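Below is query.cif, which holds mmCIF, C-alpha atoms.
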```cif
data_final
#
loop_
_atom_site.label_atom_id
_atom_site.label_comp_id
_atom_site.auth_asym_id
_atom_site.auth_seq_id
_atom_site.Cartn_x
_atom_site.Cartn_y
_atom_site.Cartn_z
CA MET E 30 59.28 24.35 32.43
CA GLN E 31 56.57 23.42 29.95
CA GLY E 32 53.90 20.79 30.46
CA PRO E 33 50.16 20.51 30.80
CA LEU E 34 50.36 19.95 34.57
CA ARG E 35 53.15 22.39 35.44
CA ASN E 36 50.83 24.38 37.69
CA GLU E 37 47.20 24.45 38.73
CA GLN E 38 46.16 26.92 36.06
CA ALA E 39 47.75 24.86 33.30
CA ALA E 40 46.19 21.68 34.71
CA PHE E 41 42.76 23.33 34.74
CA ARG E 42 43.21 24.44 31.14
CA PHE E 43 44.29 20.93 30.21
CA LEU E 44 41.15 19.55 31.86
CA LEU E 45 38.97 21.79 29.71
CA VAL E 46 40.85 20.80 26.57
CA THR E 47 40.52 17.11 27.48
CA PHE E 48 36.81 17.55 28.08
CA GLY E 49 36.35 19.22 24.70
CA ALA E 50 38.47 16.67 22.87
CA PHE E 51 36.68 13.67 24.32
CA ALA E 52 33.29 15.24 23.70
CA LEU E 53 34.31 15.57 20.06
CA ILE E 54 35.43 11.93 19.96
CA VAL E 55 32.14 10.75 21.46
CA VAL E 56 30.11 12.78 18.96
CA ALA E 57 32.19 11.46 16.05
CA ALA E 58 31.96 7.87 17.33
CA SER E 59 28.19 8.15 17.70
CA ILE E 60 28.01 8.99 13.99
CA ASP E 61 30.41 6.28 12.95
CA THR E 62 32.92 4.20 14.92
CA THR E 63 35.63 4.69 12.32
CA LEU E 64 35.06 8.42 12.34
CA GLY E 65 35.48 8.40 16.12
CA PHE E 66 38.75 6.52 15.78
CA ILE E 67 39.99 8.94 13.11
CA THR E 68 39.01 11.88 15.32
CA TRP E 69 41.00 10.37 18.17
CA ILE E 70 44.04 9.92 15.90
CA VAL E 71 43.79 13.48 14.54
CA LEU E 72 43.38 15.03 17.99
CA SER E 73 46.29 13.02 19.39
CA ALA E 74 48.51 14.07 16.50
CA ALA E 75 47.43 17.70 16.97
CA ALA E 76 48.26 17.51 20.67
CA VAL E 77 51.74 16.12 19.95
CA TRP E 78 52.34 18.74 17.26
CA TYR E 79 51.25 21.54 19.58
CA TYR E 80 53.47 20.27 22.39
CA LEU E 81 56.53 19.96 20.15
CA ARG E 82 55.91 23.40 18.67
CA ARG E 83 55.69 25.02 22.07
CA ARG E 84 58.68 23.07 23.32
CA GLY E 85 60.79 24.30 20.42
CA ALA E 86 59.66 27.89 20.75
CA ARG E 87 62.24 30.33 21.94
CA PRO E 88 61.32 31.63 25.41
CA ALA E 89 60.57 35.31 25.66
CA GLN E 90 63.18 37.57 27.14
CA GLU E 91 62.94 37.52 30.89
CA ARG E 92 62.96 40.66 32.93
CA VAL E 93 65.45 40.42 35.78
CA GLU E 94 64.15 42.17 38.87
CA ARG E 95 66.55 44.71 40.31
CA VAL E 96 67.22 44.15 44.00
CA GLY E 97 69.78 45.36 46.54
CA ARG E 98 70.66 48.75 47.95
CA SER E 99 70.80 51.80 45.73
CA GLY E 100 74.20 52.28 44.18
CA GLU E 101 74.96 48.61 44.53
CA ARG E 102 75.80 46.68 41.41
CA ARG E 103 75.50 42.92 41.05
CA VAL E 104 77.66 41.01 38.63
CA LEU E 105 77.21 37.35 37.81
CA VAL E 106 80.33 35.65 36.45
CA VAL E 107 79.97 32.30 34.71
CA ALA E 108 83.01 30.41 33.58
CA ASN E 109 84.16 26.86 33.05
CA GLU E 110 87.79 25.79 33.55
CA ALA E 111 88.81 29.20 32.30
CA ILE E 112 87.63 30.52 35.64
CA GLY E 113 91.10 30.83 37.13
CA THR E 114 92.62 32.75 34.24
CA GLU E 115 93.98 36.29 34.26
CA GLU E 116 91.26 37.51 31.94
CA VAL E 117 88.48 36.49 34.31
CA PHE E 118 90.32 37.82 37.32
CA SER E 119 90.93 41.07 35.49
CA ALA E 120 87.28 41.36 34.44
CA ILE E 121 86.18 41.01 38.05
CA SER E 122 88.81 43.27 39.57
CA THR E 123 88.11 46.01 37.02
CA ARG E 124 84.44 46.01 37.93
CA ALA E 125 85.26 45.89 41.63
CA LEU E 126 87.16 49.19 41.30
CA SER E 127 84.37 51.19 39.75
CA GLU E 128 81.62 51.11 42.37
CA LYS E 129 80.11 49.07 45.16
CA THR E 130 79.81 45.75 43.44
CA ARG E 131 78.70 42.32 44.58
CA PHE E 132 79.89 39.27 42.69
CA LEU E 133 78.56 35.79 42.30
CA VAL E 134 80.92 33.42 40.54
CA VAL E 135 79.32 30.30 39.07
CA SER E 136 81.34 27.35 37.96
CA PRO E 137 79.20 24.83 36.06
CA ALA E 138 79.93 21.19 36.83
CA LEU E 139 81.18 20.15 33.44
CA THR E 140 80.36 16.61 32.50
CA THR E 141 79.72 14.44 29.50
CA PRO E 142 76.23 13.67 28.16
CA VAL E 143 76.64 10.00 29.10
CA ALA E 144 77.73 10.82 32.64
CA ALA E 145 74.94 13.38 32.99
CA SER E 146 72.32 10.86 31.86
CA ALA E 147 73.61 8.45 34.53
CA SER E 148 73.61 11.20 37.19
CA ASP E 149 77.36 10.71 37.49
CA ARG E 150 78.18 14.27 38.48
CA GLU E 151 80.14 13.92 41.71
CA PHE E 152 83.61 14.20 40.16
CA ALA E 153 82.53 17.05 37.92
CA ARG E 154 81.06 18.93 40.87
CA ALA E 155 84.16 18.33 42.98
CA ALA E 156 86.40 19.63 40.19
CA ALA E 157 84.17 22.66 39.69
CA ARG E 158 84.19 23.34 43.44
CA GLU E 159 87.98 23.15 43.49
CA ARG E 160 88.29 25.66 40.64
CA LEU E 161 85.77 27.92 42.29
CA ASP E 162 87.48 27.83 45.68
CA GLU E 163 90.80 28.76 44.08
CA MET E 164 89.25 31.73 42.34
CA LEU E 165 87.38 32.94 45.43
CA ALA E 166 90.53 32.66 47.53
CA ARG E 167 92.45 34.66 44.96
CA LEU E 168 89.78 37.35 44.89
CA ALA E 169 89.65 37.44 48.69
CA SER E 170 93.41 37.90 48.83
CA VAL E 171 93.05 41.24 47.04
CA GLY E 172 90.02 42.27 49.10
CA ILE E 173 87.27 41.48 46.63
CA GLU E 174 84.17 40.02 48.19
CA ALA E 175 82.59 37.33 46.06
CA ALA E 176 80.20 34.51 46.62
CA GLY E 177 80.42 31.36 44.59
CA GLU E 178 78.50 28.29 43.70
CA VAL E 179 78.78 25.23 41.54
CA GLY E 180 76.23 25.33 38.76
CA ASP E 181 74.36 22.88 36.60
CA SER E 182 76.29 21.12 33.84
CA ASP E 183 74.19 23.00 31.30
CA PRO E 184 75.57 26.55 31.35
CA LEU E 185 72.17 28.05 30.52
CA VAL E 186 70.52 26.27 33.42
CA ALA E 187 73.41 27.34 35.66
CA VAL E 188 72.84 30.96 34.61
CA GLU E 189 69.08 30.64 35.11
CA ASP E 190 69.57 29.26 38.60
CA ALA E 191 71.90 32.08 39.53
CA VAL E 192 69.68 34.78 38.04
CA ARG E 193 66.72 33.56 40.09
CA THR E 194 68.56 33.98 43.37
CA PHE E 195 71.11 36.69 42.67
CA HIS E 196 69.26 39.13 40.37
CA PRO E 197 72.35 40.40 38.56
CA ASP E 198 72.73 43.77 36.84
CA GLU E 199 75.32 42.29 34.51
CA ILE E 200 76.31 38.81 33.41
CA VAL E 201 79.88 37.99 32.44
CA VAL E 202 80.44 34.78 30.50
CA ALA E 203 84.02 33.60 30.06
CA THR E 204 84.97 31.17 27.32
CA PRO E 205 88.11 30.17 25.43
CA PRO E 206 88.53 31.55 21.90
CA PRO E 207 85.72 30.55 19.51
CA GLU E 208 87.82 27.94 17.74
CA ARG E 209 88.33 26.08 21.02
CA SER E 210 85.04 26.70 22.76
CA ARG E 211 82.05 24.38 22.75
CA TRP E 212 80.05 26.99 24.65
CA HIS E 213 80.73 29.34 21.78
CA GLU E 214 79.68 26.71 19.28
CA ALA E 215 76.47 26.14 21.22
CA GLY E 216 75.76 29.86 21.26
CA VAL E 217 75.70 30.12 25.04
CA VAL E 218 76.57 33.82 25.15
CA GLN E 219 73.94 34.71 22.57
CA SER E 220 71.35 32.58 24.35
CA VAL E 221 72.05 34.20 27.71
CA SER E 222 71.89 37.61 26.08
CA ALA E 223 68.59 36.82 24.41
CA ARG E 224 67.12 35.28 27.53
CA PHE E 225 67.70 38.01 30.12
CA ASP E 226 67.29 41.76 29.87
CA VAL E 227 70.63 42.57 31.46
CA PRO E 228 73.91 43.43 29.74
CA VAL E 229 75.98 40.36 28.92
CA SER E 230 79.75 40.61 28.56
CA HIS E 231 81.79 37.96 26.85
CA VAL E 232 85.33 37.48 28.12
CA VAL E 233 87.44 35.50 25.71
CA VAL E 234 90.19 33.71 27.55
CA ALA E 235 93.43 33.12 25.73
CA SER E 236 95.96 33.42 28.52
CA GLU E 237 98.98 31.24 29.10
CA SER E 238 97.29 29.28 31.86
CA ALA E 239 94.43 28.46 29.61
CA GLU E 240 96.89 27.25 26.98
CA ARG E 241 98.63 25.04 29.51
CA ASP E 242 95.38 23.61 30.82
CA PRO E 243 93.02 23.33 27.88
CA PRO E 244 89.59 24.39 29.00
CA ALA E 245 87.12 21.70 29.78
CA ASP E 246 84.70 22.72 27.09
CA GLU E 247 87.23 21.36 24.69
CA HIS E 248 86.44 17.98 26.13
CA TYR E 249 83.05 18.27 27.72
CA PHE E 250 79.72 19.38 26.52
CA PRO E 251 76.63 20.14 28.53
CA ALA E 252 73.93 17.54 28.60
CA THR E 253 71.34 19.77 26.99
CA PRO E 254 73.06 22.63 25.27
CA ASP E 255 71.28 25.76 24.21
CA THR E 256 67.83 24.78 25.40
CA MET M 6 83.94 37.75 51.98
CA SER M 7 80.20 37.29 52.03
CA ALA M 8 78.40 34.84 54.25
CA HIS M 9 77.65 32.72 51.23
CA ALA M 10 81.27 32.47 50.27
CA GLU M 11 82.29 31.77 53.86
CA ALA M 12 79.80 28.95 54.03
CA LEU M 13 81.35 27.47 50.94
CA HIS M 14 84.80 27.58 52.44
CA GLY M 15 83.79 26.54 55.95
CA GLU M 16 84.09 23.06 57.32
CA HIS M 17 81.24 20.95 56.01
CA HIS M 18 79.69 17.88 57.61
CA GLY M 19 77.23 15.44 56.18
CA PRO M 20 76.13 15.02 52.58
CA PRO M 21 76.54 17.88 50.13
CA ALA M 22 73.67 20.29 49.70
CA ALA M 23 71.10 19.06 47.20
CA HIS M 24 71.50 20.65 43.80
CA GLN M 25 68.25 21.57 42.16
CA SER M 26 67.27 23.55 39.14
CA SER M 27 65.20 26.70 39.37
CA ARG M 28 63.30 25.62 36.27
CA VAL M 29 60.80 23.71 38.37
CA ASP M 30 60.00 23.82 42.05
CA ALA M 31 61.08 20.63 43.80
CA ARG M 32 57.62 20.11 45.30
CA VAL M 33 55.93 20.56 41.94
CA LEU M 34 58.45 18.18 40.42
CA GLY M 35 57.59 15.63 43.11
CA MET M 36 53.91 15.93 42.31
CA LEU M 37 54.58 15.64 38.57
CA LEU M 38 56.66 12.50 39.08
CA PHE M 39 53.89 11.07 41.24
CA ILE M 40 51.31 11.87 38.59
CA GLY M 41 53.62 10.33 36.00
CA SER M 42 53.61 7.07 37.95
CA GLU M 43 49.83 7.30 38.23
CA ILE M 44 49.49 7.69 34.47
CA MET M 45 51.49 4.50 34.04
CA LEU M 46 49.26 2.73 36.55
CA PHE M 47 46.12 3.84 34.73
CA GLY M 48 47.83 2.92 31.46
CA SER M 49 48.22 -0.67 32.60
CA PHE M 50 44.53 -0.86 33.49
CA PHE M 51 43.54 0.63 30.14
CA ALA M 52 45.81 -1.88 28.42
CA ALA M 53 43.90 -4.69 30.15
CA TYR M 54 40.61 -3.06 29.21
CA PHE M 55 41.42 -2.71 25.52
CA PHE M 56 42.97 -6.17 25.39
CA ILE M 57 39.77 -7.71 26.70
CA ARG M 58 37.49 -5.60 24.57
CA VAL M 59 39.42 -5.54 21.29
CA VAL M 60 42.13 -8.19 21.17
CA ASN M 61 40.52 -11.05 23.08
CA PRO M 62 36.83 -10.27 23.53
CA SER M 63 35.88 -13.91 24.13
CA ALA M 64 37.54 -13.56 27.55
CA SER M 65 35.19 -10.78 28.51
CA THR M 66 32.33 -12.99 29.68
CA ILE M 67 31.64 -16.44 31.04
CA THR M 68 28.48 -16.64 28.90
CA PRO M 69 29.14 -18.45 25.58
CA ASP M 70 29.14 -16.19 22.51
CA ALA M 71 27.94 -13.24 24.58
CA TRP M 72 31.22 -11.44 23.93
CA GLN M 73 29.99 -10.47 20.48
CA PHE M 74 28.10 -7.69 22.22
CA TRP M 75 29.44 -4.94 24.46
CA PRO M 76 28.48 -4.98 27.24
CA PRO M 77 28.01 -8.75 26.87
CA CYS M 78 24.66 -10.54 26.91
CA LYS M 79 23.32 -11.80 30.21
CA GLU M 80 22.40 -15.14 28.61
CA PRO M 81 23.89 -16.93 25.57
CA PRO M 82 22.61 -15.18 22.43
CA VAL M 83 20.04 -16.95 20.29
CA ASN M 84 20.36 -16.55 16.52
CA GLY M 85 22.74 -13.68 17.07
CA GLN M 86 20.29 -11.83 19.28
CA CYS M 87 20.60 -10.91 22.94
CA THR M 88 17.23 -12.35 23.97
CA ALA M 89 17.80 -11.82 27.69
CA GLY M 90 19.27 -8.40 27.16
CA GLN M 91 22.77 -7.04 27.74
CA TYR M 92 24.44 -5.99 30.91
CA GLU M 93 24.08 -2.24 31.27
CA PHE M 94 26.49 0.37 32.46
CA PRO M 95 24.75 3.19 34.35
CA VAL M 96 25.60 5.77 31.72
CA PHE M 97 23.20 8.45 32.90
CA VAL M 98 24.16 8.33 36.58
CA ALA M 99 27.83 8.27 35.64
CA GLY M 100 27.20 11.21 33.32
CA VAL M 101 25.70 13.24 36.14
CA ASN M 102 28.67 12.19 38.27
CA THR M 103 30.98 13.41 35.50
CA ALA M 104 29.28 16.78 35.51
CA ILE M 105 29.69 16.98 39.29
CA LEU M 106 33.38 16.10 39.12
CA VAL M 107 34.16 18.52 36.30
CA THR M 108 32.30 21.26 38.18
CA SER M 109 34.44 20.52 41.22
CA SER M 110 37.48 21.39 39.13
CA PHE M 111 35.97 24.80 38.47
CA THR M 112 35.42 25.39 42.18
CA MET M 113 38.96 24.18 42.91
CA HIS M 114 40.32 26.66 40.39
CA TRP M 115 38.11 29.38 41.87
CA ALA M 116 39.40 28.60 45.36
CA LEU M 117 43.03 28.91 44.30
CA GLN M 118 42.45 32.11 42.37
CA SER M 119 40.63 33.51 45.41
CA ILE M 120 43.46 32.83 47.84
CA LYS M 121 45.89 34.32 45.34
CA ARG M 122 43.83 37.52 45.49
CA GLY M 123 43.54 37.36 49.25
CA GLN M 124 39.80 36.61 49.20
CA ARG M 125 39.70 34.19 52.09
CA THR M 126 35.92 33.67 52.22
CA ALA M 127 35.76 32.78 48.56
CA PHE M 128 38.74 30.48 48.98
CA LEU M 129 37.10 28.61 51.85
CA GLY M 130 33.78 28.47 50.00
CA GLY M 131 35.52 27.04 46.94
CA MET M 132 37.32 24.40 48.97
CA VAL M 133 34.18 23.32 50.81
CA LEU M 134 32.24 23.07 47.55
CA THR M 135 35.03 21.12 45.90
CA PHE M 136 35.22 18.69 48.80
CA LEU M 137 31.45 18.20 48.92
CA MET M 138 31.22 17.58 45.19
CA GLY M 139 34.09 15.10 45.35
CA LEU M 140 32.39 13.33 48.22
CA THR M 141 29.12 13.26 46.28
CA PHE M 142 30.91 11.68 43.34
CA LEU M 143 32.41 8.98 45.52
CA VAL M 144 29.19 8.17 47.36
CA THR M 145 27.25 8.07 44.08
CA GLN M 146 29.81 5.68 42.64
CA LEU M 147 29.48 3.37 45.63
CA VAL M 148 25.68 3.40 45.30
CA GLU M 149 26.10 2.73 41.58
CA TYR M 150 28.19 -0.36 42.37
CA LEU M 151 25.35 -1.71 44.54
CA HIS M 152 22.78 -1.32 41.77
CA VAL M 153 24.82 -2.04 38.67
CA GLY M 154 23.42 -5.57 38.31
CA PHE M 155 26.63 -7.57 38.01
CA ASN M 156 29.72 -8.28 40.02
CA THR M 157 33.30 -9.26 39.32
CA GLY M 158 32.24 -12.88 38.78
CA ALA M 159 30.28 -11.96 35.66
CA GLY M 160 33.41 -12.11 33.51
CA ALA M 161 36.48 -10.12 32.59
CA PHE M 162 34.39 -7.22 31.33
CA ALA M 163 33.05 -6.76 34.85
CA SER M 164 36.53 -7.07 36.31
CA VAL M 165 37.93 -4.31 34.12
CA PHE M 166 34.86 -2.18 34.79
CA PHE M 167 35.26 -2.43 38.55
CA GLY M 168 39.04 -2.29 38.22
CA LEU M 169 39.14 0.93 36.22
CA THR M 170 36.35 2.76 38.00
CA GLY M 171 37.51 1.46 41.37
CA LEU M 172 41.08 2.57 40.71
CA HIS M 173 39.77 6.00 39.86
CA GLY M 174 37.55 5.98 42.93
CA ALA M 175 40.59 5.28 45.06
CA HIS M 176 42.27 8.32 43.54
CA VAL M 177 39.22 10.42 44.30
CA ALA M 178 39.43 9.22 47.90
CA VAL M 179 43.10 10.27 48.07
CA GLY M 180 42.22 13.61 46.48
CA LEU M 181 39.44 14.11 49.03
CA SER M 182 41.91 13.52 51.85
CA LEU M 183 44.17 16.22 50.40
CA LEU M 184 41.23 18.58 49.93
CA LEU M 185 40.08 17.96 53.49
CA MET M 186 43.51 18.84 54.81
CA VAL M 187 43.61 22.01 52.74
CA THR M 188 40.11 22.96 53.89
CA ILE M 189 40.91 22.38 57.56
CA ARG M 190 44.15 24.32 57.28
CA GLY M 191 42.27 27.05 55.46
CA PHE M 192 39.77 27.39 58.29
CA ARG M 193 42.67 27.54 60.74
CA GLY M 194 44.00 30.59 58.95
CA HIS M 195 46.70 29.01 56.81
CA TYR M 196 47.58 30.15 53.28
CA SER M 197 47.88 33.65 51.92
CA PRO M 198 48.40 35.34 48.54
CA GLU M 199 52.15 34.80 49.03
CA HIS M 200 51.99 31.26 50.43
CA HIS M 201 49.47 29.01 48.73
CA HIS M 202 51.62 26.14 47.52
CA GLY M 203 49.66 23.80 49.77
CA VAL M 204 46.55 24.61 47.72
CA GLU M 205 48.22 24.52 44.32
CA LEU M 206 49.60 20.99 44.55
CA PRO M 207 46.32 19.30 45.61
CA GLY M 208 44.71 21.40 42.87
CA ILE M 209 47.00 19.89 40.24
CA TYR M 210 46.26 16.43 41.59
CA TRP M 211 42.51 17.07 41.62
CA HIS M 212 42.51 18.22 38.01
CA PHE M 213 44.51 15.15 37.07
CA VAL M 214 41.92 12.91 38.78
CA ASP M 215 39.18 14.70 36.83
CA ILE M 216 41.04 14.33 33.55
CA MET M 217 41.44 10.60 34.18
CA TRP M 218 37.73 10.32 34.90
CA ILE M 219 36.87 11.94 31.58
CA VAL M 220 39.02 9.32 29.87
CA VAL M 221 37.56 6.47 31.95
CA TYR M 222 33.96 7.60 31.47
CA THR M 223 34.36 8.06 27.73
CA THR M 224 36.09 4.75 27.06
CA VAL M 225 34.21 2.53 29.49
CA TYR M 226 30.70 3.98 29.47
CA LEU M 227 30.25 5.80 26.18
CA LEU M 228 32.36 4.18 23.48
#
```

Before we go any further, please render this structure as structure tokens.
Amino acid sequence: MQGPLRNEQAAFRFLLVTFGAFALIVVAASIDTTLGFITWIVLSAAAVWYYLRRRGARPAQERVERVGRSGERRVLVVANEAIGTEEVFSAISTRALSEKTRFLVVSPALTTPVAASASDREFARAAARERLDEMLARLASVGIEAAGEVGDSDPLVAVEDAVRTFHPDEIVVATPPPERSRWHEAGVVQSVSARFDVPVSHVVVASESAERDPPADEHYFPATPDT
Amino acid sequence: MSAHAEALHGEHHGPPAAHQSSRVDARVLGMLLFIGSEIMLFGSFFAAYFFIRVVNPSASTITPDAWQFWPPCKEPPVNGQCTAGQYEFPVFVAGVNTAILVTSSFTMHWALQSIKRGQRTAFLGGMVLTFLMGLTFLVTQLVEYLHVGFNTGAGAFASVFFGLTGLHGAHVAVGLSLLLMVTIRGFRGHYSPEHHHGVELPGIYWHFVDIMWIVVYTTVYLL
């Protein structure tokens, strides 16, 4: 999160900047009132410009701390309504065979921008929970241990949340084919890859089940994509 | 299946677990929202101030034609001159008070940095100094009110003066309460390099109060 008061250090820095800016305004106003007003305008514009520039800057790649026992591998799986497809199941089961692996499956609560702005997320979260429960039950039936959680409607925020708590060694993002995927259009996979220093795998879902039930990202779009 | 997954599948009572983003700590977010509401409150007072001073200056005083000066004349001006002199804001005393308050932000920052490094003595020293300087500011402001030479009945200019500085004083009082709690908890052995959130949040608030004072002092006393 950005902002001049996001923590004590930033607030202290902001105090110093404010002090300097107002000292400048007072000096300018003591010379001429109009000059003081112009100084105020210029400094305000500079502050807005600086804030917007920083806000638009791409965040630096984040180092994901490795945790867990030695030999243990942690895989974070993020998928929308494609979560229950063969491709995702296969991606997980393949990794489960290779070594001691822990899985966290995240199902973002897909919603529309209008619904998100009105905090109308209950139905989206319930649907995401239902999809997640089905997938976890299916994995459990073949002996694969996996935890799961419903994520934020913005897939990047959902990944961020999960990375903070789970510390994955690999992130798997499942989407429909590019021509039918809003996540793909928003560059979610590339953004996740650029954001975290762990390998990111992209599973493209094109199975029969996905054809029967068009994935939600055909219809929904995260509130703040690709932030 | 892991405990996490079992919890998800287990029977659940009560409201669903709160969903929160890891982008910002919930407690910091609470403080930021509080500060946001405070900015709006100060904004309304500044709106009144600028309205009286710029848009409708004749409302600023009960003395005829005295509004042509800022601060207004004590008596009606004669031939465009303030023969009886103008009301005066205690610029120098408030300036010293400003220096004290800004310095208290330095000691607050020092205190937090000290506890982050595990330097408990420096942390406690910083907190005590911050509290004392904040208290000095508040007491000085109260003394200033007693000697300022006008009261709220002197016109709208006096009302906005006492309104803005008093509103800020109230915030200093709230900040002092927070600082006192932190200081007492500090002396009782609370806080550590790992757990110092209880120092950070009052620190943010204290810096905000100082920032607002810089704005208040500049606009009311200096400009």

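Relative to CA of Met113 (chain M), CA of Leu134 (chain M) is found at 8.2 Å.
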
Q: Name the residues captured by the PyMOL selection byres ((chain M and resi 194) around 12) when it is applied to the shown file; answer as a PyMOL selection string.
A: chain M and resi 120+123+125-126+128-129+187-193+195-197+200-201

Q: Considering all atoms listed in the file, return as an MDAnalysis selection string whatever protein or nucleic-acid residues lie within 7 Å of Thr112 (chain M), sequence-local ones (same chain, fewer than 4 positions apart) excluded.
A: chainID M and resid 108 116 131 134:135

Q: Do me a favour and pick out the residues of chain E within 6 Å of chain M, using only C-alpha atoms, as a PyMOL selection string.
A: chain E and resi 30+37+40+44+174+176-177+190

Q: Output the residue selection produced by the PyMOL selection byres ((chain E and resi 92-97) around 12) on the file above, formatted as a count of residues only.
A: 32

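Between CA of Leu183 (chain M) and CA of Phe43 (chain E) lies a distance of 20.7 Å.
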
When the PyMOL selection byres ((chain E and resi 201-206) around 9) is applied to the structure above, which residues does it catch, written out as a tab-separated table (two decimals) with C-alpha atoms, in the coordinates of the input?
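And here is the file that came out, selection-v8.tsv:
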```
chain	number	residue	atom	x	y	z
E	104	VAL	CA	77.66	41.01	38.63
E	105	LEU	CA	77.21	37.35	37.81
E	106	VAL	CA	80.33	35.65	36.45
E	107	VAL	CA	79.97	32.30	34.71
E	108	ALA	CA	83.01	30.41	33.58
E	109	ASN	CA	84.16	26.86	33.05
E	110	GLU	CA	87.79	25.79	33.55
E	111	ALA	CA	88.81	29.20	32.30
E	112	ILE	CA	87.63	30.52	35.64
E	116	GLU	CA	91.26	37.51	31.94
E	117	VAL	CA	88.48	36.49	34.31
E	120	ALA	CA	87.28	41.36	34.44
E	121	ILE	CA	86.18	41.01	38.05
E	199	GLU	CA	75.32	42.29	34.51
E	200	ILE	CA	76.31	38.81	33.41
E	207	PRO	CA	85.72	30.55	19.51
E	208	GLU	CA	87.82	27.94	17.74
E	209	ARG	CA	88.33	26.08	21.02
E	210	SER	CA	85.04	26.70	22.76
E	211	ARG	CA	82.05	24.38	22.75
E	212	TRP	CA	80.05	26.99	24.65
E	213	HIS	CA	80.73	29.34	21.78
E	217	VAL	CA	75.70	30.12	25.04
E	218	VAL	CA	76.57	33.82	25.15
E	221	VAL	CA	72.05	34.20	27.71
E	228	PRO	CA	73.91	43.43	29.74
E	229	VAL	CA	75.98	40.36	28.92
E	230	SER	CA	79.75	40.61	28.56
E	231	HIS	CA	81.79	37.96	26.85
E	232	VAL	CA	85.33	37.48	28.12
E	233	VAL	CA	87.44	35.50	25.71
E	234	VAL	CA	90.19	33.71	27.55
E	235	ALA	CA	93.43	33.12	25.73
E	239	ALA	CA	94.43	28.46	29.61
E	243	PRO	CA	93.02	23.33	27.88
E	244	PRO	CA	89.59	24.39	29.00
E	246	ASP	CA	84.70	22.72	27.09
E	247	GLU	CA	87.23	21.36	24.69
```

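Here the residues that fall within 9 Å of (26.7, 9.7, 39.4), using only C-alpha atoms, are given as Pro95, Val96, Phe97, Val98, Ala99, Gly100, Val101, Asn102, Thr103, Ala104, Ile105, Thr141, Phe142, Leu143, Val144, Thr145, Gln146, Val148 and Glu149 of chain M.
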
Q.
One decimal, in Å: what's the spacing between CA of Asp181 (chain E) and CA of Pro137 (chain E)?
A. 5.2 Å

Find the smallest box with edges along x, y and z containing every listed atom of region 124-128 of chain M, then add 3 Å on each side and report centre and edge lengths in Å to one decimal, as JSON.
```
{"center_x": 37.8, "center_y": 33.5, "center_z": 50.4, "size_x": 10.0, "size_y": 12.1, "size_z": 9.7}
```

Write out as a short mmCIF file (atom, residue, chain, number, x, y, z; two decimals) with C-alpha atoms, keeping the file's coordinate frame which residues come within 9 Å of region 44-48 of chain M when counting all atoms listed in the file, dropping same-chain ones fewer than 5 positions away.
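Contents of the output file result-v4.cif:
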```cif
data_model
loop_
_atom_site.label_atom_id
_atom_site.label_comp_id
_atom_site.auth_asym_id
_atom_site.auth_seq_id
_atom_site.Cartn_x
_atom_site.Cartn_y
_atom_site.Cartn_z
CA PHE M 39 53.89 11.07 41.24
CA ALA M 53 43.90 -4.69 30.15
CA LEU M 169 39.14 0.93 36.22
CA LEU M 172 41.08 2.57 40.71
CA HIS M 173 39.77 6.00 39.86
CA MET M 217 41.44 10.60 34.18
#
```

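Counting only C-alpha atoms, the residue from M:Val225, M:Ser49, M:Leu38, M:Asn84 that sits nearest to Ala163 (chain M) is M:Val225.
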
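Proximity to Leu133 (chain E) was assessed for E:Glu178, E:Asp61, E:Glu214, E:Asp149 counting all atoms listed in the file; the smallest distance is recorded for E:Glu178.
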